[in-house]
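A.B. asks: Structure incoming, see below.
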2 protein chains.
Amino acid sequence: MKQRKILLNESEIPDKWYNITADMPNKPLPPLHPGTLQPIGPEALAPLFPMELIKQEVTTDKWVDIPDEVRNIYSLWRPTPMYRAYGLEKALDTPAKIYYKYEGVSPSGSHKPNTAVPQAYYSKQEGIKTITTETGAGQWGSALAFACNHFNINCEVYMVKLSYEHKPYRKTMMNTWGAKVFPSPSDATEIGKKILAENPDTTGSLGIAISEAIERAASDEHTKYALGSVLNHVKLHQTIVGQEALKQMEKAGDLPDIVIAPFGGGSNFAGLAFPFLRLNFEEGKNIRCIASEPSSCPKLTRGEFRYDFGDTGGMTPLLPMYTLGHNFVPAPIHAGGLRYHGAGVIVSQLLRDKFIEAVAHDNLEVFEAGVIFAKAEGIIPAPEATHGIATVIEEAKKCKEEGVSKTILFNLCGHGNFDMKAYEDYFAGNIQKHELTEAEIKASLAQLNTPTI
Amino acid sequence: MKQRKILLNESEIPDKWYNITADMPNKPLPPLHPGTLQPIGPEALAPLFPMELIKQEVTTDKWVDIPDEVRNIYSLWRPTPMYRAYGLEKALDTPAKIYYKYEGVSPSGSHKPNTAVPQAYYSKQEGIKTITTETGAGQWGSALAFACNHFNINCEVYMVKLSYEHKPYRKTMMNTWGAKVFPSPSDATEIGKKILAENPDTTGSLGIAISEAIERAASDEHTKYALGSVLNHVKLHQTIVGQEALKQMEKAGDLPDIVIAPFGGGSNFAGLAFPFLRLNFEEGKNIRCIASEPSSCPKLTRGEFRYDFGDTGGMTPLLPMYTLGHNFVPAPIHAGGLRYHGAGVIVSQLLRDKFIEAVAHDNLEVFEAGVIFAKAEGIIPAPEATHGIATVIEEAKKCKEEGVSKTILFNLCGHGNFDMKAYEDYFAGNIQKHELTEAEIKASLAQLNTPTI
């Protein structure tokens, strides 16, 4: 019997996160104040985030200690298993060796608790009573609800009203862990009340939900705000994934030629890829790291590298990033976690410097990949995860054509148990292609009056 | 950092199932033909089941080899983890040591694939092209769809129409693994057509769905029928759970004083408990094994031990079992897997001989237990699993009152990802108590004209 799973013991949970900026030859450009266009320092973030996270956001230390209390909660589901995908290899009839790291074993079903737990922990350390956040499809809100429950912190989630109504089960999951969930816009905030007064029937948007969560956090010194991707400290926390994967590849007596992960804001990709990029930087290895994005939201493959806002409303500092423009509205694909106009700062710089690659996949192609995977390996992947699988299949087919056996590792970042509606739509033929025209992308970027680079 | 998880390697997946009937001092009474009331032999099952499963149904061998191909598919998720429930112990402030075996890591999210995989395997060996079954809430249908996909067997699931409409995600899960799912009653069978003609608006029942699945299986020599609980061979397959648990308890340097599992037809309970009962039989250990049933369907605690039909329609042989009467209709609680009027034959004999115990829990009590568990341990349990948790909490509180530290092991047989509607109803105050009166139970049993024992 061939061994499928490569497991680690709890004592092997890494005790440090890896900060890739320490190894990058070109450091990311600084964020700018949108008014003065001058670089801003970490103090600008103090009203919204706990101080320890702000320090992590700007640290140049290569390694950051993981507190024991965080590792203790990680141990509820970590180390996560790595699988050799024998079933998928057979289904593709490929000479490639395919491995995947499975983050869907977390209580909320994705990689998101990897950062939710330390964010809640540092908040508790600093006496914070309430954490607010926004959520679209609900993955991030669930993870934060789970984490806050463990530290006895109030959690307020502003959930886009359309999702609140269409995905009641995610809301109930958050309630079960004790979180308060508001349909956004809500009457719990001034901005929410204003929008409701103007347009009582609005279904909300992620931009509005962010504004509500930020308003609540800014209005009370014991309340802070939490983000589930994009920022440096979020990527830092996610490197637990790749560090475990490194140990597991060693146990398997193998090393990937190609590392693949889906790309939304970048934390999932960073989590798996950065610890392998470290080998490229430190040891001159040549591991290809590929980010997989939806072709309906192709900031990495077709966006522009320039300063832009992190949010739709233009309330954040200006960040140097690959972007489609902060007003870009991605098509309503089921992979809600990948519907973001820009890429995190570190990943953007790495792509610009050609240390990483990016590919885009069409909406139909990714569901086809998801079903191939579910039949071959059993686990039904989240729509976000199917993007990485589509890239894996592409690379595995190349191996077959070229008759070479490469080792491919990808991040199966979550299960699809809460996304079966997406598969239902796919089987019913209701999933459409979303190929953007060059003109659409140009039009979105033309609206920007932010600094170019 | 305290170690929470006790893990096994794939090479430690047991290679034999344990057949408890070999160790039972009083063997179960034989099934009877409902017409002649004479004992019937295994040949009566041949039209419906593959021969190897019929052999397992009646074998007196203590150990049955697990085929390598079955172990290979088991390895997609087995061995399953065992957890020390430090969070729950702390929440209950109990001196008890609590462990749980977690079966929710299977692709379909419960223990059901443990038997679905061998059932599909033996069917394939015997040239069977199609397996039919019924499903209520969808757990069993999902498991069988998953298993049939791996052996390239057609899978036809007759899903109670009410569930088909209320639980579309379970249906889509089955479709993803390639199964055909029919809302029952359907026009794919004669009985379905007849019922639809008489009552086009019927929402169906498990009894009707069983009838449709059996009709299809009986009408074609290459089509067989599969059951997800109750029968001896199903219990046999589930002993993989308890055998792994035994090894894990050894690794933890511990042995349970009390083993607890939810009880529907008995396969979940049997799976965990039988390998520990073996120690009682073989080594004179005194491990208490407790079955947890809903107080709205209390066949073990308040039913009668007598001959009764296994199905509502009265199509099966007469089986010696604890029963509430085959016409008993349990209240529509969310723990659909526990809504069965009778108990499997082996478990019934064990209870009659006082080798096991049974307790019943109210519907409100089990959801309270489920939320306590979700907050303490992260995982949101399936409604069926919450019944076992309620018993664990009861026993752990007794330990506290008595100031003794007992070791408790229970089977967390599935996650609640597809059952969030149940939690939503609980939070909304829409879960009612279902306490049956003595008169209701007597009235149901009084309808029986089957042999008493």
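To be explicit about the labels: the chains of the structure tokens are called A, B, and onward in the order shown, and within each one the residues are counted from 1, while ligands get numbers from 1 in the order they are shown.
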I'd like the neighbourhood of segment 72-76 of chain B as an mmCIF file with C-alpha atoms, in the first residue's frame, where a residue qualifies if any of its atoms comes within 8 Å (using only C-alpha atoms), though same-chain residues fewer than 6 positions away should be ignored.
C.D. replies:
data_model
loop_
_atom_site.group_PDB
_atom_site.id
_atom_site.type_symbol
_atom_site.label_atom_id
_atom_site.label_comp_id
_atom_site.auth_asym_id
_atom_site.auth_seq_id
_atom_site.Cartn_x
_atom_site.Cartn_y
_atom_site.Cartn_z
ATOM 1 C CA MET A 1 0.000 0.000 0.000
ATOM 2 C CA LYS A 2 1.447 3.340 -1.063
ATOM 3 C CA GLN A 3 1.541 5.988 1.627
ATOM 4 C CA ARG A 4 -0.635 8.968 0.794
ATOM 5 C CA LYS A 5 -0.318 11.216 3.823
ATOM 6 C CA GLU A 377 -8.998 12.439 -4.363
ATOM 7 C CA GLY A 378 -12.361 12.523 -2.584
ATOM 8 C CA GLU B 10 -1.241 4.657 7.433
ATOM 9 C CA ILE B 13 -4.683 1.014 9.576
ATOM 10 C CA SER B 106 -13.743 11.599 5.730
ATOM 11 C CA ASN B 114 -16.117 2.993 6.426
ATOM 12 C CA VAL B 117 -16.139 1.495 0.571
#
A.B. asks: Near chain B, which residues of chain A fall within 7 Å when you count only C-alpha atoms, and what do they look like as a list of chain:residue names?
C.D. replies: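 Matching residues, ligands excluded from the count: A:Met1, A:Gln3, A:Arg4, A:Glu10, A:Asn72, A:Ser75, A:Pro107, A:Phe146, A:Asn149, A:Tyr169, A:Thr172, A:Met173, A:Thr176, A:Trp177, A:Val371, A:Ala374, A:Lys375, A:Gly378, A:Ile379, A:Asn417, A:Met420, A:Lys421, A:Tyr423, A:Glu424.
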A.B. asks: Any idea what's packed within 8 Å of Gly303 of chain A, counting only C-alpha atoms, ignoring anything in its chain fewer than 4 positions away? Could you give it as a tab-separated table (two decimals) with N, CA and C atoms, in the first residue's frame?
C.D. replies:
chain	number	residue	atom	x	y	z
A	298	PRO	N	-7.90	39.63	-13.19
A	298	PRO	CA	-6.50	39.27	-13.47
A	298	PRO	C	-5.50	40.37	-13.14
A	299	LYS	N	-5.42	40.75	-11.87
A	299	LYS	CA	-4.50	41.86	-11.55
A	299	LYS	C	-3.05	41.49	-11.77
A	322	TYR	N	0.23	45.54	-7.85
A	322	TYR	CA	-0.45	45.22	-9.11
A	322	TYR	C	-1.94	45.40	-8.88
A	323	THR	N	-2.55	46.17	-9.77
A	323	THR	CA	-3.96	46.51	-9.54
A	323	THR	C	-4.72	46.63	-10.85
A	324	LEU	N	-6.02	46.40	-10.74
A	324	LEU	CA	-6.93	46.66	-11.86
A	324	LEU	C	-7.67	47.97	-11.63
A	441	ILE	N	-10.18	46.64	-19.10
A	441	ILE	CA	-9.09	46.83	-18.13
A	441	ILE	C	-8.51	48.24	-18.25
A.B. asks: Which of segment 92-217 of chain A end up as strand (DSSP E) when DSSP is run on this backbone - answer as a ChimeraX atom specification?
C.D. replies: /A:97-102,130-135,154-160,180-184
A.B. asks: Neighbours of Glu384 of chain B within 9 Å (only C-alpha atoms; same-chain residues fewer than 6 positions away dropped), as an NGL selection string?
C.D. replies: :B and (262-264 or 293-294 or 334-338 or 366 or 413-414)
A.B. asks: Can you list, as a ChimeraX atom specification, all residues belonging to segment 25-227 of chain A that DSSP tags as helix (DSSP H, G or I)?
C.D. replies: /A:42-45,51-58,68-74,86-92,113-125,139-150,161-166,168-176,190-198,206-218
